[in-house]
file work.txt (compact mmCIF, C-alpha atoms)
# COMPACT_ATOMS: atom_id res chain seq x y z
CA MET A 16 151.58 39.78 95.58
CA LYS A 17 148.91 39.11 98.20
CA MET A 18 149.63 40.10 101.77
CA PHE A 19 148.30 40.69 105.27
CA GLU A 20 149.15 43.35 107.80
CA PHE A 21 148.07 43.40 111.43
CA LYS A 22 147.85 46.66 113.35
CA THR A 23 146.38 47.91 116.57
CA PHE A 24 145.71 51.27 118.17
CA GLU A 25 144.10 52.52 121.36
CA LEU A 26 141.92 55.45 122.18
CA ALA A 27 141.13 57.15 125.49
CA ALA A 28 137.33 57.17 125.20
CA TYR A 29 134.48 57.84 127.58
CA GLY A 30 130.73 57.32 127.53
CA PRO A 31 127.90 56.56 128.05
CA ALA A 32 127.10 57.98 124.59
CA ASN A 33 129.96 59.80 122.90
CA LEU A 34 131.32 59.67 119.37
CA PHE A 35 135.06 59.53 118.71
CA ASP A 36 136.35 60.05 115.19
CA ILE A 37 138.87 57.33 114.33
CA THR A 38 139.10 58.10 110.60
CA GLU A 39 142.59 59.59 110.74
CA LYS A 40 143.96 56.72 112.80
CA ILE A 41 142.71 54.25 110.22
CA ARG A 42 143.89 56.46 107.38
CA ASP A 43 147.41 56.55 108.87
CA VAL A 44 147.51 52.76 109.01
CA VAL A 45 146.24 52.40 105.44
CA GLU A 46 148.62 54.98 104.00
CA GLU A 47 151.64 53.49 105.78
CA SER A 48 150.73 50.07 104.45
CA ALA A 49 152.27 48.62 101.31
CA ILE A 50 148.86 47.40 100.22
CA LEU A 51 147.48 49.15 97.18
CA ASN A 52 144.17 47.38 96.63
CA GLY A 53 142.31 45.34 99.21
CA LEU A 54 140.40 45.97 102.40
CA VAL A 55 140.86 46.89 106.02
CA LEU A 56 138.85 45.20 108.76
CA VAL A 57 138.52 47.22 111.97
CA LEU A 58 137.17 45.56 115.13
CA SER A 59 136.66 47.35 118.42
CA ILE A 60 137.66 44.99 121.22
CA GLY A 61 135.19 44.40 124.02
CA SER A 62 131.54 44.35 123.11
CA THR A 63 130.40 47.80 124.19
CA GLY A 64 132.02 50.07 121.62
CA ALA A 65 130.19 50.36 118.28
CA VAL A 66 131.84 51.37 115.01
CA VAL A 67 129.78 53.17 112.37
CA LYS A 68 130.23 55.39 109.32
CA LEU A 69 128.59 58.80 109.66
CA PRO A 70 129.06 62.33 108.35
CA SER A 71 130.03 64.74 111.14
CA SER A 72 126.96 66.85 110.32
CA SER A 73 124.81 63.99 111.65
CA TYR A 74 126.59 63.34 114.93
CA GLU A 75 124.01 65.18 117.03
CA ASP A 76 121.02 63.50 115.41
CA PHE A 77 122.64 60.12 115.77
CA ILE A 78 123.32 60.64 119.48
CA SER A 79 119.76 61.91 119.96
CA TRP A 80 118.40 58.72 118.44
CA VAL A 81 120.67 56.59 120.61
CA LEU A 82 119.69 58.39 123.83
CA LYS A 83 116.00 58.22 122.99
CA SER A 84 115.84 54.67 121.63
CA ILE A 85 118.34 52.87 123.84
CA PRO A 86 118.64 55.08 126.92
CA TYR A 87 121.35 54.87 129.54
CA ASP A 88 119.38 53.24 132.30
CA SER A 89 119.45 50.20 134.49
CA THR A 90 115.98 48.79 133.90
CA HIS A 91 117.34 45.48 132.64
CA ARG A 92 118.33 42.16 134.14
CA HIS A 93 122.02 42.32 133.20
CA PRO A 94 123.91 44.39 135.75
CA GLY A 95 124.89 47.94 134.82
CA ASN A 96 125.45 48.08 131.09
CA ALA A 97 122.78 46.16 129.21
CA PHE A 98 122.02 49.31 127.20
CA ALA A 99 125.68 49.45 126.04
CA HIS A 100 125.49 45.89 124.72
CA MET A 101 122.20 46.53 122.96
CA ARG A 102 123.60 49.52 121.11
CA SER A 103 126.83 47.79 120.11
CA SER A 104 125.23 44.52 119.07
CA LEU A 105 122.79 46.45 116.92
CA MET A 106 125.31 48.75 115.25
CA GLY A 107 128.21 46.33 115.20
CA CYS A 108 131.72 46.48 116.58
CA ASP A 109 133.33 45.61 113.27
CA PHE A 110 133.74 47.63 110.11
CA ILE A 111 135.27 46.87 106.71
CA LEU A 112 136.56 49.53 104.34
CA PRO A 113 137.83 48.92 100.84
CA ILE A 114 141.34 50.10 100.03
CA LYS A 115 141.67 51.34 96.48
CA GLU A 116 144.90 52.65 95.02
CA GLY A 117 146.41 52.97 98.45
CA LYS A 118 143.54 54.93 100.02
CA MET A 119 140.50 53.91 102.01
CA VAL A 120 137.26 54.43 100.16
CA LEU A 121 135.41 56.99 102.24
CA LYS A 122 133.46 59.92 100.90
CA GLU A 123 132.41 62.90 103.02
CA GLN A 124 131.96 60.72 106.07
CA THR A 125 133.89 59.65 109.11
CA ILE A 126 134.41 56.35 110.85
CA VAL A 127 133.44 56.77 114.48
CA LEU A 128 133.45 54.86 117.71
CA LEU A 129 130.26 55.18 119.74
CA GLU A 130 131.59 54.65 123.25
CA ASN A 131 128.83 53.23 125.46
CA THR A 132 130.81 52.66 128.64
CA ALA A 133 129.61 54.94 131.43
CA GLY A 134 132.93 56.53 132.31
CA ARG A 135 136.43 56.25 130.94
CA LYS A 136 137.45 53.42 128.67
CA ARG A 137 140.74 52.68 126.99
CA ARG A 138 139.34 51.26 123.78
CA ARG A 139 141.56 49.04 121.65
CA PHE A 140 141.05 48.44 117.93
CA SER A 141 142.35 45.43 116.00
CA LEU A 142 142.97 45.93 112.30
CA VAL A 143 143.63 43.44 109.53
CA LEU A 144 144.64 44.75 106.13
CA VAL A 145 144.42 42.31 103.24
CA GLY A 146 145.31 42.93 99.65
CA GLU A 147 147.99 43.28 97.07
CA LYS A 148 150.86 45.63 96.55
CA MET B 140 146.74 33.13 100.83
CA ARG B 141 144.55 30.34 102.06
CA ILE B 142 140.75 30.29 102.17
CA ASN B 143 138.81 27.70 104.12
CA PHE B 144 135.05 27.28 104.24
CA THR B 145 133.35 25.43 107.09
CA GLU B 146 129.65 25.12 107.71
CA ILE B 147 128.58 25.43 111.31
CA VAL B 148 125.13 24.00 111.97
CA GLU B 149 123.18 24.86 115.10
CA GLU B 150 119.95 23.30 116.26
CA THR B 151 117.81 26.26 117.29
CA LYS B 152 114.56 26.91 119.12
CA GLY B 153 113.39 29.57 116.66
CA TRP B 154 112.22 33.15 117.37
CA ILE B 155 114.31 34.48 119.27
CA ASP B 156 117.22 32.15 120.03
CA LEU B 157 120.70 33.55 120.78
CA ARG B 158 123.42 30.92 120.67
CA ASP B 159 127.10 31.33 121.53
CA ILE B 160 129.12 29.85 118.66
CA THR B 161 132.54 31.25 119.69
CA THR B 162 134.00 27.94 120.82
CA ARG B 163 132.83 26.18 117.68
CA ILE B 164 134.63 28.79 115.60
CA GLU B 165 137.78 28.60 117.73
CA THR B 166 137.79 24.83 117.22
CA VAL B 167 137.80 25.24 113.46
CA VAL B 168 140.59 27.86 113.60
CA GLU B 169 142.66 25.40 115.61
CA ARG B 170 141.82 22.41 113.46
CA GLU B 171 142.84 24.29 110.32
CA GLY B 172 146.08 25.39 111.92
CA MET B 173 145.25 28.99 111.14
CA GLN B 174 147.69 31.49 112.61
CA GLN B 175 146.94 34.93 111.19
CA GLY B 176 144.21 36.47 109.10
CA PHE B 177 140.53 36.99 109.68
CA ALA B 178 137.38 34.97 110.16
CA LEU B 179 134.20 35.96 108.38
CA ILE B 180 131.10 34.59 110.07
CA TYR B 181 128.22 34.82 107.65
CA ALA B 182 124.55 33.98 108.18
CA VAL B 183 123.63 32.17 105.00
CA GLU B 184 119.96 31.70 105.67
CA PRO B 185 117.19 34.25 105.98
CA GLU B 186 115.95 35.19 109.44
CA THR B 187 119.33 34.63 111.07
CA ALA B 188 121.74 37.26 112.37
CA VAL B 189 125.32 37.23 113.63
CA ILE B 190 126.35 39.62 116.39
CA THR B 191 128.91 40.06 119.13
CA LEU B 192 127.55 40.01 122.67
CA GLU B 193 128.68 39.12 126.13
CA ALA B 194 127.26 35.61 126.53
CA GLU B 195 125.74 36.26 129.94
CA MET B 196 122.36 34.71 130.70
CA ALA B 197 120.58 37.81 131.93
CA LEU B 198 121.90 39.88 129.02
CA ILE B 199 120.72 37.27 126.54
CA LEU B 200 117.20 37.67 127.95
CA ASP B 201 117.52 41.48 127.82
CA MET B 202 118.67 41.25 124.22
CA ALA B 203 115.71 39.06 123.24
CA ASP B 204 113.35 41.64 124.79
CA PHE B 205 115.18 44.39 122.93
CA ILE B 206 114.82 42.62 119.59
CA LYS B 207 111.12 42.02 120.21
CA LYS B 208 110.65 45.71 120.93
CA LEU B 209 112.67 46.77 117.85
CA VAL B 210 110.38 44.99 115.43
CA GLY B 211 107.21 44.86 117.50
CA ASP B 212 105.23 47.03 115.09
CA ILE B 213 106.07 44.93 112.07
CA LYS B 214 103.76 42.17 110.83
CA MET B 215 104.70 38.74 112.12
CA GLU B 216 105.77 37.23 108.79
CA ALA B 217 108.32 39.99 108.24
CA ARG B 218 109.76 40.29 111.73
CA GLY B 219 112.53 37.76 111.27
CA ASP B 220 113.80 39.37 108.08
CA VAL B 221 113.64 42.93 109.39
CA ALA B 222 115.28 41.96 112.69
CA SER B 223 118.15 40.19 110.93
CA ALA B 224 118.70 43.19 108.64
CA LEU B 225 118.90 45.48 111.68
CA LEU B 226 121.17 43.25 113.72
CA GLY B 227 123.48 42.36 110.87
CA THR B 228 124.06 39.14 109.04
CA HIS B 229 127.82 38.96 109.18
CA LEU B 230 130.75 39.61 111.44
CA ALA B 231 134.49 39.72 110.71
CA VAL B 232 137.05 39.01 113.41
CA PRO B 233 140.85 39.26 113.22
CA VAL B 234 142.83 36.10 114.00
CA LEU B 235 146.22 36.62 115.62
CA GLU B 236 148.58 33.88 116.80
CA GLY B 237 145.94 31.25 116.20
CA CYS B 238 143.24 32.99 118.29
CA LEU B 239 140.23 35.18 117.60
CA ASP B 240 141.05 38.74 118.70
CA LEU B 241 138.03 39.42 120.88
CA GLY B 242 137.51 40.97 124.32
CA THR B 243 137.03 38.84 127.43
CA TRP B 244 133.30 39.56 127.44
CA GLN B 245 132.85 39.52 123.70
CA GLN B 246 131.44 36.34 122.21
CA ILE B 247 130.02 35.56 118.78
CA MET B 248 126.31 34.77 118.75
CA LEU B 249 124.07 33.29 116.15
CA VAL B 250 120.60 34.81 116.48
CA ASP B 251 117.80 32.70 115.10
CA LEU B 252 114.81 34.84 114.24
CA GLY B 253 112.82 32.26 112.27
CA GLN B 254 111.43 28.78 112.76
CA ALA B 255 113.10 26.22 115.01
CA GLY B 256 115.45 23.82 113.31
CA LYS B 257 118.98 23.37 111.98
CA LYS B 258 120.50 26.68 110.98
CA LYS B 259 123.68 27.00 108.93
CA VAL B 260 126.34 29.63 109.42
CA LEU B 261 129.25 29.83 106.99
CA LEU B 262 132.68 30.33 108.50
CA GLN B 263 135.23 31.61 106.01
CA LEU B 264 138.79 31.65 107.25
CA VAL B 265 141.16 33.85 105.25
CA SER B 266 144.84 33.50 106.07

call {"tool": "encode", "arguments": {"input": "work.txt", "output": "structure tokens"}}
result
Amino acid sequence: MKMFEFKTFELAAYGPANLFDITEKIRDVVEESAILNGLVLVLSIGSTGAVVKLPSSSYEDFISWVLKSIPYDSTHRHPGNAFAHMRSSLMGCDFILPIKEGKMVLKEQTIVLLENTAGRKRRRFSLVLVGEK
Amino acid sequence: MRINFTEIVEETKGWIDLRDITTRIETVVEREGMQQGFALIYAVEPETAVITLEAEMALILDMADFIKKLVGDIKMEARGDVASALLGTHLAVPVLEGCLDLGTWQQIMLVDLGQAGKKKVLLQLVS
């Protein structure tokens, strides 16, 4: 039987370049779901929070690359947060994980939000689970 | 479960042209009477990318500069392909109560990184 589930959760995040592990929040949604095999789409709402898959051992290197390659500065035409948009558009705000036998397929890695807002941000995530029982 | 395919065709100016296709997608969602599910926006052709971005004029210019810098060291013939691989060639957006679940300053952009002309994007609605 094919079905959809729609979930949402929020996170108190802050930037301009911090990683927040959202793996457990997604895992909770997947494990509560009746879906056995399918996928979960996760979208971070607003266009300045990127979602990527990364092992925690690489967090520091990832942030170093971000700070070096797309620095937090205001040398652009768009007021204030052009750098935040560049990072998020490059990395993507959406992520899709397969669900297999009731569990998300994720091996030795985490799903993280890269929060690019300079300051506090209440970041909302919209999830769609699709699959069969 | 219902699956609908619609081709969205945009006339582009070529390297680098960022075009807001959010409204065109919303129109299809409405036309198909879609209430809940997700929309997959997929760049079918080479040298095209699909991203989210705030569709603000100055930011679009900043983004074009950023893309040029990203692939500046790569030979001209390969730039479009490498840039599209870096930016991403698909995007998936939840649809709730007949609307795309996006932020206020979060639009869907087609990025043309190739030659000017008609570029196709495939919209797959799953509900």

call {"tool": "residues_around", "arguments": {"input": "work.txt", "residues": "B:Glu195", "least_positions_apart": "5", "cutoff": "9 Å", "atoms": "all atoms listed in the file", "output": "list in words"}}
result
His93 of chain A; Leu200 and Trp244 of chain B

call {"tool": "atom_distance", "arguments": {"input": "work.txt", "atom1": "atom CA of B:Glu193", "atom2": "atom CA of B:Gln245"}}
result
4.8 Å

call {"tool": "residues_around", "arguments": {"input": "work.txt", "residues": "A:Gly64", "least_positions_apart": "2", "cutoff": "8 Å", "atoms": "all atoms listed in the file", "output": "list in words"}}
result
Ser59, Ile60, Gly61, Ser62, Val66, Ala99, Ser103, Cys108, Leu128, Leu129, Glu130, Asn131, Thr132 and Arg138 of chain A

call {"tool": "interface_residues", "arguments": {"input": "work.txt", "of": "chain B", "to": "chain A", "cutoff": "6 Å", "atoms": "all atoms listed in the file", "output": "PyMOL selection string"}}
result
chain B and resi 190-192+197-198+226+241-242+245

call {"tool": "write_last_selection", "arguments": {"input": "work.txt", "atoms": "C-alpha atoms", "output": "compact mmCIF listing (two decimals), in the frame of the given file"}}
result
# COMPACT_ATOMS: atom_id res chain seq x y z
CA ILE B 190 126.35 39.62 116.39
CA THR B 191 128.91 40.06 119.13
CA LEU B 192 127.55 40.01 122.67
CA ALA B 197 120.58 37.81 131.93
CA LEU B 198 121.90 39.88 129.02
CA LEU B 226 121.17 43.25 113.72
CA LEU B 241 138.03 39.42 120.88
CA GLY B 242 137.51 40.97 124.32
CA GLN B 245 132.85 39.52 123.70

call {"tool": "closest_residue", "arguments": {"input": "work.txt", "among": "B:Val183, B:Thr145, B:Lys259, B:Leu249", "to": "B:Val168", "atoms": "only C-alpha atoms"}}
result
B:Thr145

call {"tool": "atom_distance", "arguments": {"input": "work.txt", "atom1": "atom CA of B:Lys207", "atom2": "atom CA of B:Val148"}}
result
24.3 Å

call {"tool": "atom_distance", "arguments": {"input": "work.txt", "atom1": "atom CA of B:Leu157", "atom2": "atom CA of B:Val232"}}
result
18.7 Å

call {"tool": "residues_around", "arguments": {"input": "work.txt", "residues": "B:Asp220", "least_positions_apart": "4", "cutoff": "8 Å", "atoms": "all atoms listed in the file", "output": "list in words"}}
result
Pro185, Glu186, Thr187, Ala224 and Leu252 of chain B

call {"tool": "axis_aligned_box", "arguments": {"input": "work.txt", "around": "stretch 126-137 of chain A", "padding_each_side": "5 Å", "output": "lines of an AutoDock Vina configuration file"}}
result
center_x = 134.8
center_y = 54.7
center_z = 121.6
size_x = 21.9
size_y = 14.1
size_z = 31.5

call {"tool": "residues_around", "arguments": {"input": "work.txt", "residues": "B:Ile147", "least_positions_apart": "6", "cutoff": "8 Å", "atoms": "all atoms listed in the file", "output": "MDAnalysis selection string"}}
result
chainID B and resid 163 259:262

call {"tool": "residues_around", "arguments": {"input": "work.txt", "residues": "B:Glu149", "least_positions_apart": "2", "cutoff": "10 Å", "atoms": "all atoms listed in the file", "output": "list in words"}}
result
Glu146, Ile147, Thr151, Lys152, Arg158, Asp159, Ile160, Leu249, Asp251, Gly256, Lys257, Lys258, Lys259 and Val260 of chain B

call {"tool": "closest_residue", "arguments": {"input": "work.txt", "among": "B:Thr228, B:Gln254, B:Ser266, B:Thr162", "to": "B:Asn143", "atoms": "all atoms listed in the file"}}
result
B:Ser266

call {"tool": "closest_residue", "arguments": {"input": "work.txt", "among": "A:Gly30, A:Gly117, A:Leu69, A:Lys83", "to": "A:Val55", "atoms": "all atoms listed in the file"}}
result
A:Gly117

call {"tool": "decode", "arguments": {"input": "work.txt", "residues": "stretch 160-207 of chain B", "atoms": "N, CA and C atoms", "output": "PDB file, in the first residue's frame"}}
result
ATOM      1  N   ILE B 160      11.744  30.130 -12.136  1.00  0.00           N
ATOM      2  CA  ILE B 160      10.659  29.328 -12.732  1.00  0.00           C
ATOM      3  C   ILE B 160       9.618  28.914 -11.687  1.00  0.00           C
ATOM      4  N   THR B 161       9.661  29.541 -10.511  1.00  0.00           N
ATOM      5  CA  THR B 161       8.743  29.180  -9.419  1.00  0.00           C
ATOM      6  C   THR B 161       7.285  29.301  -9.824  1.00  0.00           C
ATOM      7  N   THR B 162       6.923  30.433 -10.405  1.00  0.00           N
ATOM      8  CA  THR B 162       5.521  30.657 -10.765  1.00  0.00           C
ATOM      9  C   THR B 162       5.055  29.653 -11.810  1.00  0.00           C
ATOM     10  N   ARG B 163       5.914  29.337 -12.748  1.00  0.00           N
ATOM     11  CA  ARG B 163       5.546  28.365 -13.778  1.00  0.00           C
ATOM     12  C   ARG B 163       5.249  27.004 -13.146  1.00  0.00           C
ATOM     13  N   ILE B 164       6.015  26.652 -12.131  1.00  0.00           N
ATOM     14  CA  ILE B 164       5.802  25.385 -11.440  1.00  0.00           C
ATOM     15  C   ILE B 164       4.508  25.433 -10.631  1.00  0.00           C
ATOM     16  N   GLU B 165       4.295  26.545  -9.940  1.00  0.00           N
ATOM     17  CA  GLU B 165       3.066  26.703  -9.141  1.00  0.00           C
ATOM     18  C   GLU B 165       1.833  26.595 -10.031  1.00  0.00           C
ATOM     19  N   THR B 166       1.929  27.129 -11.229  1.00  0.00           N
ATOM     20  CA  THR B 166       0.810  27.074 -12.173  1.00  0.00           C
ATOM     21  C   THR B 166       0.473  25.629 -12.532  1.00  0.00           C
ATOM     22  N   VAL B 167       1.491  24.829 -12.732  1.00  0.00           N
ATOM     23  CA  VAL B 167       1.249  23.419 -13.071  1.00  0.00           C
ATOM     24  C   VAL B 167       0.630  22.689 -11.878  1.00  0.00           C
ATOM     25  N   VAL B 168       1.147  22.946 -10.685  1.00  0.00           N
ATOM     26  CA  VAL B 168       0.604  22.311  -9.468  1.00  0.00           C
ATOM     27  C   VAL B 168      -0.890  22.618  -9.355  1.00  0.00           C
ATOM     28  N   GLU B 169      -1.240  23.871  -9.621  1.00  0.00           N
ATOM     29  CA  GLU B 169      -2.635  24.284  -9.531  1.00  0.00           C
ATOM     30  C   GLU B 169      -3.477  23.653 -10.629  1.00  0.00           C
ATOM     31  N   ARG B 170      -2.944  23.670 -11.832  1.00  0.00           N
ATOM     32  CA  ARG B 170      -3.654  23.118 -12.984  1.00  0.00           C
ATOM     33  C   ARG B 170      -3.947  21.635 -12.787  1.00  0.00           C
ATOM     34  N   GLU B 171      -2.995  20.911 -12.194  1.00  0.00           N
ATOM     35  CA  GLU B 171      -3.167  19.485 -11.987  1.00  0.00           C
ATOM     36  C   GLU B 171      -3.983  19.170 -10.742  1.00  0.00           C
ATOM     37  N   GLY B 172      -4.370  20.208 -10.020  1.00  0.00           N
ATOM     38  CA  GLY B 172      -5.167  19.993  -8.816  1.00  0.00           C
ATOM     39  C   GLY B 172      -4.411  19.223  -7.748  1.00  0.00           C
ATOM     40  N   MET B 173      -3.100  19.395  -7.736  1.00  0.00           N
ATOM     41  CA  MET B 173      -2.292  18.638  -6.778  1.00  0.00           C
ATOM     42  C   MET B 173      -2.398  19.247  -5.390  1.00  0.00           C
ATOM     43  N   GLN B 174      -2.644  18.408  -4.401  1.00  0.00           N
ATOM     44  CA  GLN B 174      -2.794  18.888  -3.031  1.00  0.00           C
ATOM     45  C   GLN B 174      -1.578  18.599  -2.171  1.00  0.00           C
ATOM     46  N   GLN B 175      -1.138  17.330  -2.180  1.00  0.00           N
ATOM     47  CA  GLN B 175      -0.047  16.943  -1.282  1.00  0.00           C
ATOM     48  C   GLN B 175       0.889  15.980  -1.981  1.00  0.00           C
ATOM     49  N   GLY B 176       2.178  16.162  -1.739  1.00  0.00           N
ATOM     50  CA  GLY B 176       3.160  15.253  -2.310  1.00  0.00           C
ATOM     51  C   GLY B 176       4.481  15.983  -2.433  1.00  0.00           C
ATOM     52  N   PHE B 177       5.170  15.771  -3.555  1.00  0.00           N
ATOM     53  CA  PHE B 177       6.375  16.549  -3.785  1.00  0.00           C
ATOM     54  C   PHE B 177       6.565  16.797  -5.273  1.00  0.00           C
ATOM     55  N   ALA B 178       7.325  17.826  -5.558  1.00  0.00           N
ATOM     56  CA  ALA B 178       7.636  18.196  -6.931  1.00  0.00           C
ATOM     57  C   ALA B 178       9.119  17.980  -7.145  1.00  0.00           C
ATOM     58  N   LEU B 179       9.451  17.225  -8.153  1.00  0.00           N
ATOM     59  CA  LEU B 179      10.852  17.035  -8.527  1.00  0.00           C
ATOM     60  C   LEU B 179      11.107  17.876  -9.762  1.00  0.00           C
ATOM     61  N   ILE B 180      12.062  18.782  -9.644  1.00  0.00           N
ATOM     62  CA  ILE B 180      12.400  19.663 -10.765  1.00  0.00           C
ATOM     63  C   ILE B 180      13.756  19.191 -11.271  1.00  0.00           C
ATOM     64  N   TYR B 181      13.799  18.731 -12.489  1.00  0.00           N
ATOM     65  CA  TYR B 181      14.955  18.003 -12.980  1.00  0.00           C
ATOM     66  C   TYR B 181      15.462  18.618 -14.283  1.00  0.00           C
ATOM     67  N   ALA B 182      16.731  18.987 -14.293  1.00  0.00           N
ATOM     68  CA  ALA B 182      17.333  19.553 -15.506  1.00  0.00           C
ATOM     69  C   ALA B 182      17.690  18.400 -16.431  1.00  0.00           C
ATOM     70  N   VAL B 183      16.950  18.280 -17.499  1.00  0.00           N
ATOM     71  CA  VAL B 183      17.137  17.164 -18.424  1.00  0.00           C
ATOM     72  C   VAL B 183      18.417  17.328 -19.241  1.00  0.00           C
ATOM     73  N   GLU B 184      18.663  18.549 -19.662  1.00  0.00           N
ATOM     74  CA  GLU B 184      19.740  18.769 -20.622  1.00  0.00           C
ATOM     75  C   GLU B 184      21.067  19.070 -19.960  1.00  0.00           C
ATOM     76  N   PRO B 185      22.148  18.768 -20.657  1.00  0.00           N
ATOM     77  CA  PRO B 185      23.464  19.132 -20.122  1.00  0.00           C
ATOM     78  C   PRO B 185      23.610  20.640 -20.010  1.00  0.00           C
ATOM     79  N   GLU B 186      24.527  21.058 -19.179  1.00  0.00           N
ATOM     80  CA  GLU B 186      24.837  22.475 -18.986  1.00  0.00           C
ATOM     81  C   GLU B 186      23.646  23.275 -18.470  1.00  0.00           C
ATOM     82  N   THR B 187      22.786  22.617 -17.699  1.00  0.00           N
ATOM     83  CA  THR B 187      21.730  23.354 -16.997  1.00  0.00           C
ATOM     84  C   THR B 187      21.685  22.864 -15.556  1.00  0.00           C
ATOM     85  N   ALA B 188      21.425  23.771 -14.642  1.00  0.00           N
ATOM     86  CA  ALA B 188      21.338  23.423 -13.222  1.00  0.00           C
ATOM     87  C   ALA B 188      20.011  23.911 -12.666  1.00  0.00           C
ATOM     88  N   VAL B 189      19.609  23.335 -11.527  1.00  0.00           N
ATOM     89  CA  VAL B 189      18.400  23.784 -10.838  1.00  0.00           C
ATOM     90  C   VAL B 189      18.787  24.043  -9.394  1.00  0.00           C
ATOM     91  N   ILE B 190      18.519  25.259  -8.926  1.00  0.00           N
ATOM     92  CA  ILE B 190      18.887  25.618  -7.549  1.00  0.00           C
ATOM     93  C   ILE B 190      17.759  26.389  -6.884  1.00  0.00           C
ATOM     94  N   THR B 191      17.843  26.525  -5.545  1.00  0.00           N
ATOM     95  CA  THR B 191      16.971  27.509  -4.898  1.00  0.00           C
ATOM     96  C   THR B 191      17.811  28.757  -4.678  1.00  0.00           C
ATOM     97  N   LEU B 192      17.166  29.892  -4.747  1.00  0.00           N
ATOM     98  CA  LEU B 192      17.844  31.183  -4.560  1.00  0.00           C
ATOM     99  C   LEU B 192      16.772  32.223  -4.322  1.00  0.00           C
ATOM    100  N   GLU B 193      17.117  33.242  -3.589  1.00  0.00           N
ATOM    101  CA  GLU B 193      16.227  34.394  -3.493  1.00  0.00           C
ATOM    102  C   GLU B 193      16.325  35.120  -4.833  1.00  0.00           C
ATOM    103  N   ALA B 194      15.199  35.295  -5.502  1.00  0.00           N
ATOM    104  CA  ALA B 194      15.214  35.892  -6.843  1.00  0.00           C
ATOM    105  C   ALA B 194      15.286  37.411  -6.745  1.00  0.00           C
ATOM    106  N   GLU B 195      16.406  37.886  -6.268  1.00  0.00           N
ATOM    107  CA  GLU B 195      16.635  39.330  -6.101  1.00  0.00           C
ATOM    108  C   GLU B 195      17.723  39.727  -7.094  1.00  0.00           C
ATOM    109  N   MET B 196      17.489  40.818  -7.807  1.00  0.00           N
ATOM    110  CA  MET B 196      18.346  41.190  -8.936  1.00  0.00           C
ATOM    111  C   MET B 196      19.831  41.256  -8.616  1.00  0.00           C
ATOM    112  N   ALA B 197      20.162  41.914  -7.509  1.00  0.00           N
ATOM    113  CA  ALA B 197      21.574  42.062  -7.162  1.00  0.00           C
ATOM    114  C   ALA B 197      22.186  40.708  -6.823  1.00  0.00           C
ATOM    115  N   LEU B 198      21.421  39.860  -6.163  1.00  0.00           N
ATOM    116  CA  LEU B 198      21.922  38.540  -5.779  1.00  0.00           C
ATOM    117  C   LEU B 198      22.144  37.671  -7.013  1.00  0.00           C
ATOM    118  N   ILE B 199      21.262  37.817  -7.993  1.00  0.00           N
ATOM    119  CA  ILE B 199      21.420  37.056  -9.234  1.00  0.00           C
ATOM    120  C   ILE B 199      22.747  37.422  -9.900  1.00  0.00           C
ATOM    121  N   LEU B 200      23.095  38.688  -9.888  1.00  0.00           N
ATOM    122  CA  LEU B 200      24.385  39.123 -10.445  1.00  0.00           C
ATOM    123  C   LEU B 200      25.543  38.565  -9.612  1.00  0.00           C
ATOM    124  N   ASP B 201      25.390  38.607  -8.282  1.00  0.00           N
ATOM    125  CA  ASP B 201      26.432  38.066  -7.394  1.00  0.00           C
ATOM    126  C   ASP B 201      26.633  36.584  -7.678  1.00  0.00           C
ATOM    127  N   MET B 202      25.531  35.884  -7.861  1.00  0.00           N
ATOM    128  CA  MET B 202      25.571  34.444  -8.082  1.00  0.00           C
ATOM    129  C   MET B 202      26.277  34.119  -9.399  1.00  0.00           C
ATOM    130  N   ALA B 203      25.999  34.906 -10.424  1.00  0.00           N
ATOM    131  CA  ALA B 203      26.650  34.701 -11.726  1.00  0.00           C
ATOM    132  C   ALA B 203      28.164  34.891 -11.580  1.00  0.00           C
ATOM    133  N   ASP B 204      28.575  35.908 -10.834  1.00  0.00           N
ATOM    134  CA  ASP B 204      30.009  36.137 -10.583  1.00  0.00           C
ATOM    135  C   ASP B 204      30.606  34.955  -9.829  1.00  0.00           C
ATOM    136  N   PHE B 205      29.853  34.458  -8.859  1.00  0.00           N
ATOM    137  CA  PHE B 205      30.310  33.329  -8.048  1.00  0.00           C
ATOM    138  C   PHE B 205      30.523  32.094  -8.916  1.00  0.00           C
ATOM    139  N   ILE B 206      29.590  31.828  -9.800  1.00  0.00           N
ATOM    140  CA  ILE B 206      29.700  30.661 -10.684  1.00  0.00           C
ATOM    141  C   ILE B 206      30.908  30.811 -11.606  1.00  0.00           C
ATOM    142  N   LYS B 207      31.094  32.010 -12.131  1.00  0.00           N
ATOM    143  CA  LYS B 207      32.253  32.248 -13.008  1.00  0.00           C
ATOM    144  C   LYS B 207      33.549  31.970 -12.272  1.00  0.00           C
TER     145      LYS B 207
END
